[in-house]
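Printed here is upload.pdb (PDB, C-alpha atoms, pLDDT in the B column):
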```
ATOM      1  CA  ALA A 119      12.421  -9.450  -9.507  1.00 81.00           C
ATOM      2  CA  GLN A 120       9.047  -9.239  -7.897  1.00 90.00           C
ATOM      3  CA  LYS A 121       6.019  -8.025  -9.790  1.00 95.00           C
ATOM      4  CA  VAL A 122       2.271  -7.808  -9.316  1.00 97.00           C
ATOM      5  CA  THR A 123      -0.091  -7.442 -12.251  1.00 97.00           C
ATOM      6  CA  GLN A 124      -3.701  -6.375 -12.006  1.00 97.00           C
ATOM      7  CA  ALA A 125      -4.835  -6.474 -15.602  1.00 94.00           C
ATOM      8  CA  GLN A 126      -8.232  -4.932 -14.920  1.00 97.00           C
ATOM      9  CA  THR A 127      -7.862  -1.176 -14.665  1.00 96.00           C
ATOM     10  CA  GLU A 128     -11.546  -0.422 -14.172  1.00 97.00           C
ATOM     11  CA  ILE A 129     -14.581  -2.555 -13.521  1.00 97.00           C
ATOM     12  CA  SER A 130     -18.156  -1.347 -13.407  1.00 97.00           C
ATOM     13  CA  VAL A 131     -20.979  -3.490 -12.077  1.00 97.00           C
ATOM     14  CA  VAL A 132     -24.518  -3.035 -10.931  1.00 97.00           C
ATOM     15  CA  GLU A 133     -25.328  -3.532  -7.281  1.00 97.00           C
ATOM     16  CA  LYS A 134     -25.846  -7.179  -6.232  1.00 97.00           C
ATOM     17  CA  GLU A 135     -23.669  -8.502  -9.031  1.00 97.00           C
ATOM     18  CA  ASP A 136     -20.693 -10.667  -8.153  1.00 97.00           C
ATOM     19  CA  VAL A 137     -17.315  -9.355  -9.254  1.00 98.00           C
ATOM     20  CA  THR A 138     -13.832 -10.885  -9.340  1.00 98.00           C
ATOM     21  CA  LEU A 139     -10.656  -8.839  -9.255  1.00 98.00           C
ATOM     22  CA  ASP A 140      -7.666 -10.596 -10.760  1.00 98.00           C
ATOM     23  CA  CYS A 141      -4.120 -10.546  -9.420  1.00 98.00           C
ATOM     24  CA  VAL A 142      -1.093 -12.315 -10.877  1.00 98.00           C
ATOM     25  CA  TYR A 143       2.285 -12.157  -9.200  1.00 97.00           C
ATOM     26  CA  GLU A 144       5.891 -12.999  -9.965  1.00 96.00           C
ATOM     27  CA  THR A 145       8.545 -13.869  -7.418  1.00 93.00           C
ATOM     28  CA  ARG A 146      11.487 -16.197  -7.048  1.00 92.00           C
ATOM     29  CA  ASP A 147      11.115 -16.363  -3.286  1.00 89.00           C
ATOM     30  CA  THR A 148       9.789 -19.558  -1.794  1.00 90.00           C
ATOM     31  CA  THR A 149       8.439 -17.653   1.178  1.00 90.00           C
ATOM     32  CA  TYR A 150       6.312 -14.654   0.356  1.00 91.00           C
ATOM     33  CA  TYR A 151       3.149 -12.898   1.403  1.00 91.00           C
ATOM     34  CA  LEU A 152       0.213 -11.655  -0.611  1.00 93.00           C
ATOM     35  CA  PHE A 153      -2.151  -8.884   0.385  1.00 94.00           C
ATOM     36  CA  TRP A 154      -5.243  -7.078  -0.748  1.00 96.00           C
ATOM     37  CA  TYR A 155      -5.880  -3.485   0.213  1.00 95.00           C
ATOM     38  CA  LYS A 156      -8.849  -1.211  -0.445  1.00 96.00           C
ATOM     39  CA  GLN A 157      -8.403   2.502  -1.106  1.00 95.00           C
ATOM     40  CA  PRO A 158     -11.584   4.552  -0.703  1.00 92.00           C
ATOM     41  CA  PRO A 159     -11.728   8.153  -1.959  1.00 88.00           C
ATOM     42  CA  SER A 160     -10.390   9.404   1.380  1.00 86.00           C
ATOM     43  CA  GLY A 161      -6.998   8.012   0.408  1.00 87.00           C
ATOM     44  CA  GLU A 162      -5.915   5.663   3.159  1.00 88.00           C
ATOM     45  CA  LEU A 163      -5.276   2.054   2.261  1.00 92.00           C
ATOM     46  CA  VAL A 164      -7.352  -0.398   4.253  1.00 92.00           C
ATOM     47  CA  PHE A 165      -5.994  -3.881   4.834  1.00 91.00           C
ATOM     48  CA  LEU A 166      -8.304  -6.692   3.726  1.00 93.00           C
ATOM     49  CA  ILE A 167      -6.294  -9.906   3.836  1.00 91.00           C
ATOM     50  CA  ARG A 168      -2.842 -11.476   3.993  1.00 89.00           C
ATOM     51  CA  ARG A 169      -1.845 -14.966   2.827  1.00 90.00           C
ATOM     52  CA  ASN A 170       1.537 -16.598   3.059  1.00 88.00           C
ATOM     53  CA  SER A 171       2.971 -18.766   0.320  1.00 91.00           C
ATOM     54  CA  PHE A 172       2.523 -21.969   2.292  1.00 90.00           C
ATOM     55  CA  ASP A 173      -1.167 -21.532   2.856  1.00 85.00           C
ATOM     56  CA  GLU A 174      -3.218 -22.050  -0.279  1.00 84.00           C
ATOM     57  CA  GLN A 175      -6.457 -22.464   1.571  1.00 84.00           C
ATOM     58  CA  ASN A 176      -9.100 -20.155   0.199  1.00 85.00           C
ATOM     59  CA  GLU A 177     -10.681 -17.718   2.579  1.00 87.00           C
ATOM     60  CA  ILE A 178     -14.128 -16.258   2.934  1.00 87.00           C
ATOM     61  CA  SER A 179     -15.036 -13.246   5.018  1.00 89.00           C
ATOM     62  CA  GLY A 180     -18.636 -12.222   4.667  1.00 93.00           C
ATOM     63  CA  ARG A 181     -19.184 -11.167   1.079  1.00 95.00           C
ATOM     64  CA  TYR A 182     -15.454 -11.281   0.346  1.00 96.00           C
ATOM     65  CA  SER A 183     -13.537 -14.353  -0.744  1.00 95.00           C
ATOM     66  CA  TRP A 184     -10.032 -14.965  -1.963  1.00 94.00           C
ATOM     67  CA  ASN A 185      -8.687 -17.693  -4.213  1.00 95.00           C
ATOM     68  CA  PHE A 186      -4.938 -18.340  -3.970  1.00 95.00           C
ATOM     69  CA  GLN A 187      -3.431 -20.651  -6.590  1.00 94.00           C
ATOM     70  CA  LYS A 188       0.340 -21.084  -6.595  1.00 93.00           C
ATOM     71  CA  SER A 189       0.183 -23.144  -9.791  1.00 93.00           C
ATOM     72  CA  THR A 190      -0.995 -20.092 -11.710  1.00 95.00           C
ATOM     73  CA  SER A 191       0.626 -17.462  -9.434  1.00 96.00           C
ATOM     74  CA  SER A 192      -2.736 -15.880  -8.866  1.00 96.00           C
ATOM     75  CA  PHE A 193      -4.516 -14.413  -5.868  1.00 96.00           C
ATOM     76  CA  ASN A 194      -7.967 -13.376  -6.989  1.00 97.00           C
ATOM     77  CA  PHE A 195     -10.552 -11.496  -4.949  1.00 97.00           C
ATOM     78  CA  THR A 196     -14.285 -11.953  -5.326  1.00 97.00           C
ATOM     79  CA  ILE A 197     -17.002  -9.725  -3.934  1.00 97.00           C
ATOM     80  CA  THR A 198     -20.375 -11.419  -3.794  1.00 97.00           C
ATOM     81  CA  ALA A 199     -23.540  -9.368  -4.055  1.00 97.00           C
ATOM     82  CA  SER A 200     -21.629  -6.121  -4.508  1.00 97.00           C
ATOM     83  CA  GLN A 201     -22.804  -2.935  -2.820  1.00 97.00           C
ATOM     84  CA  VAL A 202     -22.286   0.730  -3.620  1.00 96.00           C
ATOM     85  CA  VAL A 203     -20.010   0.997  -0.572  1.00 95.00           C
ATOM     86  CA  ASP A 204     -17.631  -1.444  -2.253  1.00 96.00           C
ATOM     87  CA  SER A 205     -16.733   1.239  -4.798  1.00 97.00           C
ATOM     88  CA  ALA A 206     -13.023   1.908  -4.354  1.00 97.00           C
ATOM     89  CA  VAL A 207      -9.637   1.117  -5.801  1.00 97.00           C
ATOM     90  CA  TYR A 208      -8.388  -2.312  -4.825  1.00 98.00           C
ATOM     91  CA  PHE A 209      -4.705  -3.166  -4.706  1.00 97.00           C
ATOM     92  CA  CYS A 210      -3.023  -6.530  -4.662  1.00 97.00           C
ATOM     93  CA  ALA A 211       0.454  -6.540  -3.108  1.00 95.00           C
ATOM     94  CA  LEU A 212       3.395  -8.872  -2.593  1.00 94.00           C
ATOM     95  CA  SER A 213       6.095  -8.973   0.060  1.00 90.00           C
ATOM     96  CA  GLY A 214       9.126 -11.208   0.175  1.00 84.00           C
ATOM     97  CA  ASP A 215      10.514 -12.788   3.283  1.00 75.00           C
ATOM     98  CA  ASN A 216      12.263 -10.345   5.615  1.00 72.00           C
ATOM     99  CA  GLN A 217      11.005  -7.387   3.617  1.00 72.00           C
ATOM    100  CA  GLY A 218       9.268  -5.784   6.555  1.00 72.00           C
ATOM    101  CA  GLY A 219       7.103  -2.926   5.435  1.00 76.00           C
ATOM    102  CA  LYS A 220       8.131  -3.113   1.788  1.00 87.00           C
ATOM    103  CA  LEU A 221       5.234  -4.147  -0.387  1.00 91.00           C
ATOM    104  CA  ILE A 222       5.180  -4.416  -4.163  1.00 93.00           C
ATOM    105  CA  PHE A 223       1.801  -3.183  -5.302  1.00 96.00           C
ATOM    106  CA  GLY A 224      -0.112  -3.844  -8.467  1.00 97.00           C
ATOM    107  CA  GLN A 225      -1.495  -0.913 -10.421  1.00 97.00           C
ATOM    108  CA  GLY A 226      -4.882  -1.276  -8.786  1.00 97.00           C
ATOM    109  CA  THR A 227      -8.379  -1.986 -10.043  1.00 98.00           C
ATOM    110  CA  GLU A 228     -10.981   0.730  -9.739  1.00 97.00           C
ATOM    111  CA  LEU A 229     -14.313  -0.838  -8.925  1.00 97.00           C
ATOM    112  CA  SER A 230     -17.467   1.139  -9.470  1.00 97.00           C
ATOM    113  CA  VAL A 231     -20.700  -0.333  -8.147  1.00 97.00           C
ATOM    114  CA  LYS A 232     -23.761   1.424  -9.458  1.00 97.00           C
ATOM    115  CA  PRO A 233     -27.147   1.316  -7.727  1.00 95.00           C
TER     116      PRO A 233
ATOM    117  CA  LYS Q 849      -7.142   4.017  19.279  1.00 61.00           C
ATOM    118  CA  ALA Q 850      -5.989   6.873  17.063  1.00 75.00           C
ATOM    119  CA  GLY Q 851      -4.911   5.939  13.558  1.00 92.00           C
ATOM    120  CA  VAL Q 852      -1.892   7.010  11.573  1.00 95.00           C
ATOM    121  CA  THR Q 853      -1.785  10.785  11.302  1.00 96.00           C
ATOM    122  CA  GLN Q 854      -0.091  12.583   8.458  1.00 97.00           C
ATOM    123  CA  THR Q 855       0.524  16.312   8.202  1.00 97.00           C
ATOM    124  CA  PRO Q 856       0.046  18.401   6.251  1.00 97.00           C
ATOM    125  CA  ARG Q 857      -2.766  16.861   4.241  1.00 96.00           C
ATOM    126  CA  TYR Q 858      -2.293  19.152   1.266  1.00 97.00           C
ATOM    127  CA  LEU Q 859       0.525  21.399   0.198  1.00 96.00           C
ATOM    128  CA  ILE Q 860       1.712  23.250  -2.859  1.00 98.00           C
ATOM    129  CA  LYS Q 861       5.355  23.943  -3.581  1.00 97.00           C
ATOM    130  CA  THR Q 862       7.341  25.236  -6.515  1.00 97.00           C
ATOM    131  CA  ARG Q 863      10.198  23.542  -8.301  1.00 97.00           C
ATOM    132  CA  GLY Q 864      13.475  23.733  -6.467  1.00 97.00           C
ATOM    133  CA  GLN Q 865      11.933  24.068  -3.033  1.00 98.00           C
ATOM    134  CA  GLN Q 866      12.087  21.412  -0.378  1.00 98.00           C
ATOM    135  CA  VAL Q 867       9.313  19.851   1.658  1.00 98.00           C
ATOM    136  CA  THR Q 868       9.009  17.963   4.931  1.00 98.00           C
ATOM    137  CA  LEU Q 869       6.126  15.620   5.628  1.00 98.00           C
ATOM    138  CA  SER Q 870       5.279  14.236   9.023  1.00 98.00           C
ATOM    139  CA  CYS Q 871       3.803  10.940  10.148  1.00 98.00           C
ATOM    140  CA  SER Q 872       2.637   9.928  13.611  1.00 97.00           C
ATOM    141  CA  PRO Q 873       2.149   6.167  13.818  1.00 96.00           C
ATOM    142  CA  ILE Q 874      -0.406   4.318  15.872  1.00 94.00           C
ATOM    143  CA  SER Q 875       0.563   4.320  19.522  1.00 93.00           C
ATOM    144  CA  GLY Q 876       2.861   1.402  20.233  1.00 90.00           C
ATOM    145  CA  HIS Q 877       3.842   0.882  16.609  1.00 91.00           C
ATOM    146  CA  ARG Q 878       7.570   1.124  16.048  1.00 91.00           C
ATOM    147  CA  SER Q 879       7.844   0.638  12.302  1.00 91.00           C
ATOM    148  CA  VAL Q 880       7.002   3.360   9.808  1.00 94.00           C
ATOM    149  CA  SER Q 881       7.042   2.946   6.035  1.00 94.00           C
ATOM    150  CA  TRP Q 882       6.579   5.580   3.363  1.00 96.00           C
ATOM    151  CA  TYR Q 883       5.057   5.166  -0.076  1.00 97.00           C
ATOM    152  CA  GLN Q 884       4.643   7.463  -3.052  1.00 98.00           C
ATOM    153  CA  GLN Q 885       1.484   7.145  -5.131  1.00 97.00           C
ATOM    154  CA  THR Q 886       1.226   8.669  -8.607  1.00 96.00           C
ATOM    155  CA  PRO Q 887      -1.162   7.952 -11.489  1.00 92.00           C
ATOM    156  CA  GLY Q 888       1.691   6.836 -13.703  1.00 89.00           C
ATOM    157  CA  GLN Q 889       3.883   4.782 -11.367  1.00 92.00           C
ATOM    158  CA  GLY Q 890       1.284   3.665  -8.871  1.00 94.00           C
ATOM    159  CA  LEU Q 891       2.299   2.875  -5.310  1.00 96.00           C
ATOM    160  CA  GLN Q 892       6.036   2.739  -4.788  1.00 96.00           C
ATOM    161  CA  PHE Q 893       7.943   1.995  -1.618  1.00 95.00           C
ATOM    162  CA  LEU Q 894      10.220   4.775  -0.429  1.00 97.00           C
ATOM    163  CA  PHE Q 895      11.728   3.559   2.845  1.00 93.00           C
ATOM    164  CA  GLU Q 896      11.036   1.948   6.193  1.00 93.00           C
ATOM    165  CA  TYR Q 897      12.218   2.962   9.626  1.00 93.00           C
ATOM    166  CA  PHE Q 898      12.310   0.948  12.796  1.00 91.00           C
ATOM    167  CA  SER Q 899      13.730   2.138  16.094  1.00 90.00           C
ATOM    168  CA  GLU Q 900      15.171   5.236  14.428  1.00 93.00           C
ATOM    169  CA  THR Q 901      17.072   3.142  11.861  1.00 93.00           C
ATOM    170  CA  GLN Q 902      16.359   2.863   8.177  1.00 93.00           C
ATOM    171  CA  ARG Q 903      15.691  -0.816   7.552  1.00 89.00           C
ATOM    172  CA  ASN Q 904      14.772  -0.815   3.894  1.00 88.00           C
ATOM    173  CA  LYS Q 905      14.961   1.588   1.000  1.00 92.00           C
ATOM    174  CA  GLY Q 906      13.269   1.774  -2.386  1.00 93.00           C
ATOM    175  CA  ASN Q 907      14.679   3.007  -5.687  1.00 93.00           C
ATOM    176  CA  PHE Q 908      14.397   6.732  -5.262  1.00 96.00           C
ATOM    177  CA  PRO Q 909      17.080   9.377  -5.710  1.00 96.00           C
ATOM    178  CA  GLY Q 910      18.960  10.811  -2.766  1.00 95.00           C
ATOM    179  CA  ARG Q 911      16.680  13.867  -2.786  1.00 97.00           C
ATOM    180  CA  PHE Q 912      14.256  11.706  -0.850  1.00 98.00           C
ATOM    181  CA  SER Q 913      15.254  11.157   2.739  1.00 97.00           C
ATOM    182  CA  GLY Q 914      13.632  10.346   6.007  1.00 97.00           C
ATOM    183  CA  ARG Q 915      14.171   9.886   9.658  1.00 97.00           C
ATOM    184  CA  GLN Q 916      12.460   8.516  12.704  1.00 97.00           C
ATOM    185  CA  PHE Q 917      12.440   9.927  16.180  1.00 97.00           C
ATOM    186  CA  SER Q 918      12.602   8.135  19.506  1.00 95.00           C
ATOM    187  CA  ASN Q 919       8.821   8.412  19.873  1.00 94.00           C
ATOM    188  CA  SER Q 920       8.468   6.573  16.508  1.00 94.00           C
ATOM    189  CA  ARG Q 921       7.195   9.652  14.698  1.00 97.00           C
ATOM    190  CA  SER Q 922       8.722   9.933  11.271  1.00 98.00           C
ATOM    191  CA  GLU Q 923       9.440  12.645   8.772  1.00 98.00           C
ATOM    192  CA  MET Q 924      10.340  12.469   5.140  1.00 98.00           C
ATOM    193  CA  ASN Q 925      12.021  15.231   3.223  1.00 98.00           C
ATOM    194  CA  VAL Q 926      12.228  15.903  -0.472  1.00 98.00           C
ATOM    195  CA  SER Q 927      14.798  18.451  -1.574  1.00 95.00           C
ATOM    196  CA  THR Q 928      15.049  20.300  -4.872  1.00 97.00           C
ATOM    197  CA  LEU Q 929      11.505  19.467  -5.828  1.00 97.00           C
ATOM    198  CA  GLU Q 930      10.686  18.474  -9.387  1.00 97.00           C
ATOM    199  CA  LEU Q 931       7.326  18.474 -11.137  1.00 97.00           C
ATOM    200  CA  GLY Q 932       7.363  14.684 -11.083  1.00 96.00           C
ATOM    201  CA  ASP Q 933       7.406  14.677  -7.296  1.00 97.00           C
ATOM    202  CA  SER Q 934       3.751  15.683  -7.302  1.00 98.00           C
ATOM    203  CA  ALA Q 935       2.074  12.738  -5.611  1.00 98.00           C
ATOM    204  CA  LEU Q 936       0.175  11.387  -2.672  1.00 96.00           C
ATOM    205  CA  TYR Q 937       2.675  10.385   0.001  1.00 97.00           C
ATOM    206  CA  LEU Q 938       1.381   7.667   2.256  1.00 96.00           C
ATOM    207  CA  CYS Q 939       2.764   6.644   5.599  1.00 95.00           C
ATOM    208  CA  ALA Q 940       2.071   3.262   7.169  1.00 94.00           C
ATOM    209  CA  SER Q 941       2.852   1.881  10.580  1.00 93.00           C
ATOM    210  CA  SER Q 942       3.088  -1.592  12.024  1.00 88.00           C
ATOM    211  CA  PRO Q 943       3.980  -2.968  15.429  1.00 82.00           C
ATOM    212  CA  ALA Q 944       7.435  -4.146  14.366  1.00 71.00           C
ATOM    213  CA  THR Q 945       9.546  -4.631  11.310  1.00 60.00           C
ATOM    214  CA  GLY Q 946       9.770  -8.040   9.766  1.00 54.00           C
ATOM    215  CA  VAL Q 947       6.175  -8.721  10.697  1.00 55.00           C
ATOM    216  CA  ARG Q 948       4.279  -9.576   7.561  1.00 61.00           C
ATOM    217  CA  GLY Q 949       1.016  -8.488   8.943  1.00 62.00           C
ATOM    218  CA  GLU Q 950      -1.109  -5.621   7.992  1.00 77.00           C
ATOM    219  CA  LEU Q 951       0.214  -2.144   7.535  1.00 87.00           C
ATOM    220  CA  PHE Q 952      -1.942   0.649   8.868  1.00 90.00           C
ATOM    221  CA  PHE Q 953      -1.992   3.563   6.461  1.00 92.00           C
ATOM    222  CA  GLY Q 954      -2.672   7.226   6.979  1.00 94.00           C
ATOM    223  CA  GLU Q 955      -4.742   9.322   4.603  1.00 93.00           C
ATOM    224  CA  GLY Q 956      -1.637  10.751   3.012  1.00 95.00           C
ATOM    225  CA  SER Q 957      -0.109  14.109   2.222  1.00 97.00           C
ATOM    226  CA  ARG Q 958      -0.933  15.341  -1.253  1.00 97.00           C
ATOM    227  CA  LEU Q 959       1.963  17.329  -2.665  1.00 98.00           C
ATOM    228  CA  THR Q 960       1.594  19.478  -5.745  1.00 98.00           C
ATOM    229  CA  VAL Q 961       4.743  20.891  -7.319  1.00 97.00           C
ATOM    230  CA  LEU Q 962       4.268  23.842  -9.664  1.00 96.00           C
TER     231      LEU Q 962
END
```
Output the file's structure as structure tokens, nothing else.
Amino acid sequence: AQKVTQAQTEISVVEKEDVTLDCVYETRDTTYYLFWYKQPPSGELVFLIRRNSFDEQNEISGRYSWNFQKSTSSFNFTITASQVVDSAVYFCALSGDNQGGKLIFGQGTELSVKP
Amino acid sequence: KAGVTQTPRYLIKTRGQQVTLSCSPISGHRSVSWYQQTPGQGLQFLFEYFSETQRNKGNFPGRFSGRQFSNSRSEMNVSTLELGDSALYLCASSPATGVRGELFFGEGSRLTVL
């Protein structure tokens, strides 16, 4: 069975602090895909990143970076120099091969960035 | 380019009634997926449609059904509503099924069952 665990339910930081959101996944598939989505108060989920299981290279996009480690089944997300606009719920998700639009989501981490 | 549009945005129903939610995907997108989001269960996959065919289905009772039209617009229906069906229902579209790229989500339809 596939499972995604985001152990941090809520995180509160002060603006300009760095923050890391943890994600641990379980799957028996050799080919799979990992995602991070952001859900602002408006409700829609906004895609941030996708990694496939064969690409463990870390990625940086502006203030965002992702660390994928197959050895620990983790796909952590770091926001550097956080801003108030980063306040949202962040979801990690997993998709198996040939699963199309079916994603297994973690429970989400609510990030609050205070000025 | 217009995003994914879901209607209605908010609705209130009573137990036993049925409800139909609508989703218009991004122009050119042929795959539509539906998700239910509740505080207790989180985000759960309902089903996916591609070219008017259901391609994947989550673990929900038969009261939950959907369909897709030739213009890729999709509807989902919940019959005999229960209190536990109160949730945010999110629709997502993508260019094609089997593409593990990003899903584009709408803002959702928030259903309250009294």
Discussion item. Would you pick out the contacts of segment 144-155 of chain A at 7 Å or less, using all atoms listed in the file, so that residues sharing its chain but fewer than 4 positions from it are not included, and give the list as number ranges by chain?
Written reply: A: 119-122, 163-171, 191, 208-215
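If you count only C-alpha atoms and ignore residues fewer than 5 places along the chain from segment 860-872 of chain Q, what sits within 7 Å of it is Val852, Thr853, Gln854, Thr855, Arg921, Ser922, Glu923, Met924, Asn925, Val926, Ser927, Thr928, Leu929, Glu930, Leu931, Cys939, Leu959, Thr960, Val961 and Leu962 of chain Q.
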Residues at most 12 Å from Gln889 of chain Q, counting only C-alpha atoms, excluding those fewer than 4 positions away in the same chain, as a PDB file with C-alpha atoms, in the frame of the given file?
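Saved to around04.pdb:
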```pdb
ATOM      1  CA  ILE A 222       5.180  -4.416  -4.163  1.00 93.00           C
ATOM      2  CA  PHE A 223       1.801  -3.183  -5.302  1.00 96.00           C
ATOM      3  CA  GLY A 224      -0.112  -3.844  -8.467  1.00 97.00           C
ATOM      4  CA  GLN A 225      -1.495  -0.913 -10.421  1.00 97.00           C
ATOM      5  CA  GLY A 226      -4.882  -1.276  -8.786  1.00 97.00           C
TER       6      GLY A 226
ATOM      7  CA  TYR Q 883       5.057   5.166  -0.076  1.00 97.00           C
ATOM      8  CA  GLN Q 884       4.643   7.463  -3.052  1.00 98.00           C
ATOM      9  CA  GLN Q 885       1.484   7.145  -5.131  1.00 97.00           C
ATOM     10  CA  PHE Q 893       7.943   1.995  -1.618  1.00 95.00           C
ATOM     11  CA  GLY Q 932       7.363  14.684 -11.083  1.00 96.00           C
ATOM     12  CA  ASP Q 933       7.406  14.677  -7.296  1.00 97.00           C
ATOM     13  CA  SER Q 934       3.751  15.683  -7.302  1.00 98.00           C
ATOM     14  CA  ALA Q 935       2.074  12.738  -5.611  1.00 98.00           C
ATOM     15  CA  LEU Q 936       0.175  11.387  -2.672  1.00 96.00           C
TER      16      LEU Q 936
END
```
Determine, using all atoms listed in the file, which residues of chain Q have any atom at most 10 Å from an atom of chain A, and tabulate each with its shortest atom pair and distance in Å to one decimal place, rows ordered by chain and then rising number, as a Markdown table.
```
| residue | atom | partner | partner_atom | distance |
| --- | --- | --- | --- | --- |
| Q:Val852 | CA | A:Glu162 | CA | 9.4 |
| Q:Ser879 | CA | A:Gly219 | CA | 7.8 |
| Q:Val880 | CA | A:Gly219 | CA | 7.7 |
| Q:Ser881 | CA | A:Gly219 | CA | 5.9 |
| Q:Trp882 | CA | A:Gly219 | CA | 8.8 |
| Q:Tyr883 | CA | A:Lys220 | CA | 9.0 |
| Q:Pro887 | CA | A:Gln225 | CA | 8.9 |
| Q:Gly888 | CA | A:Gln225 | CA | 9.0 |
| Q:Gln889 | CA | A:Gln225 | CA | 7.9 |
| Q:Gly890 | CA | A:Gln225 | CA | 5.6 |
| Q:Leu891 | CA | A:Phe223 | CA | 6.1 |
| Q:Gln892 | CA | A:Ile222 | CA | 7.2 |
| Q:Phe893 | CA | A:Lys220 | CA | 6.1 |
| Q:Leu894 | CA | A:Lys220 | CA | 8.5 |
| Q:Phe895 | CA | A:Lys220 | CA | 7.7 |
| Q:Glu896 | CA | A:Gly219 | CA | 6.3 |
| Q:Tyr897 | CA | A:Gly219 | CA | 8.9 |
| Q:Phe898 | CA | A:Gly218 | CA | 9.7 |
| Q:Arg903 | CA | A:Gly218 | CA | 8.2 |
| Q:Asn904 | CA | A:Lys220 | CA | 7.3 |
| Q:Lys905 | CA | A:Lys220 | CA | 8.3 |
| Q:Gly906 | CA | A:Lys220 | CA | 8.2 |
| Q:Leu936 | CA | A:Gly161 | CA | 8.5 |
| Q:Tyr937 | CA | A:Gly161 | CA | 10.0 |
| Q:Leu938 | CA | A:Glu162 | CA | 7.6 |
| Q:Cys939 | CA | A:Glu162 | CA | 9.1 |
| Q:Ala940 | CA | A:Gly219 | CA | 8.2 |
| Q:Ser941 | CA | A:Gly219 | CA | 8.2 |
| Q:Ser942 | CA | A:Gly219 | CA | 7.8 |
| Q:Ala944 | CA | A:Gly218 | CA | 8.2 |
| Q:Thr945 | CA | A:Gly218 | CA | 4.9 |
| Q:Gly946 | CA | A:Gly218 | CA | 4.0 |
| Q:Val947 | CA | A:Gly218 | CA | 5.9 |
| Q:Arg948 | CA | A:Gly218 | CA | 6.3 |
| Q:Gly949 | CA | A:Arg168 | CA | 7.0 |
| Q:Glu950 | CA | A:Phe165 | CA | 6.1 |
| Q:Leu951 | CA | A:Phe165 | CA | 7.0 |
| Q:Phe952 | CA | A:Val164 | CA | 7.2 |
| Q:Phe953 | CA | A:Leu163 | CA | 5.5 |
| Q:Gly954 | CA | A:Glu162 | CA | 5.2 |
| Q:Glu955 | CA | A:Glu162 | CA | 4.1 |
| Q:Gly956 | CA | A:Gly161 | CA | 6.6 |
| Q:Ser957 | CA | A:Gly161 | CA | 9.4 |
| Q:Arg958 | CA | A:Gly161 | CA | 9.7 |
```
Practice prompt. List the neighbours of Phe193 of chain A out to 8 Å using all atoms listed in the file; skip same-chain residues closer than 6 positions along the sequence, and give me the result as a PyMOL selection string.
Written response: chain A and resi 140-143+152+184-187
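Within the 12 Å cut-off around Lys232 of chain A, using all atoms listed in the file and omitting residues fewer than 4 positions from it on the same chain, the listed residues are Ile129, Ser130, Val131, Val132, Glu133, Lys134, Glu135, Ser200, Gln201, Val202, Val203, Asp204, Ser205 and Ala206 of chain A.
What separates atom CA of Leu139 of chain A from atom CA of Asp173 of chain A is a distance of 19.9 Å.
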Worksheet item: What does the distance between atom CA of Glu174 of chain A and atom CA of Glu128 of chain A come to in Å, to one decimal place?
Response: 27.0 Å
Worksheet item: So what do you get for atom CA of Phe172 of chain A versus atom CA of Asn194 of chain A, distance-wise?
Response: 16.4 Å
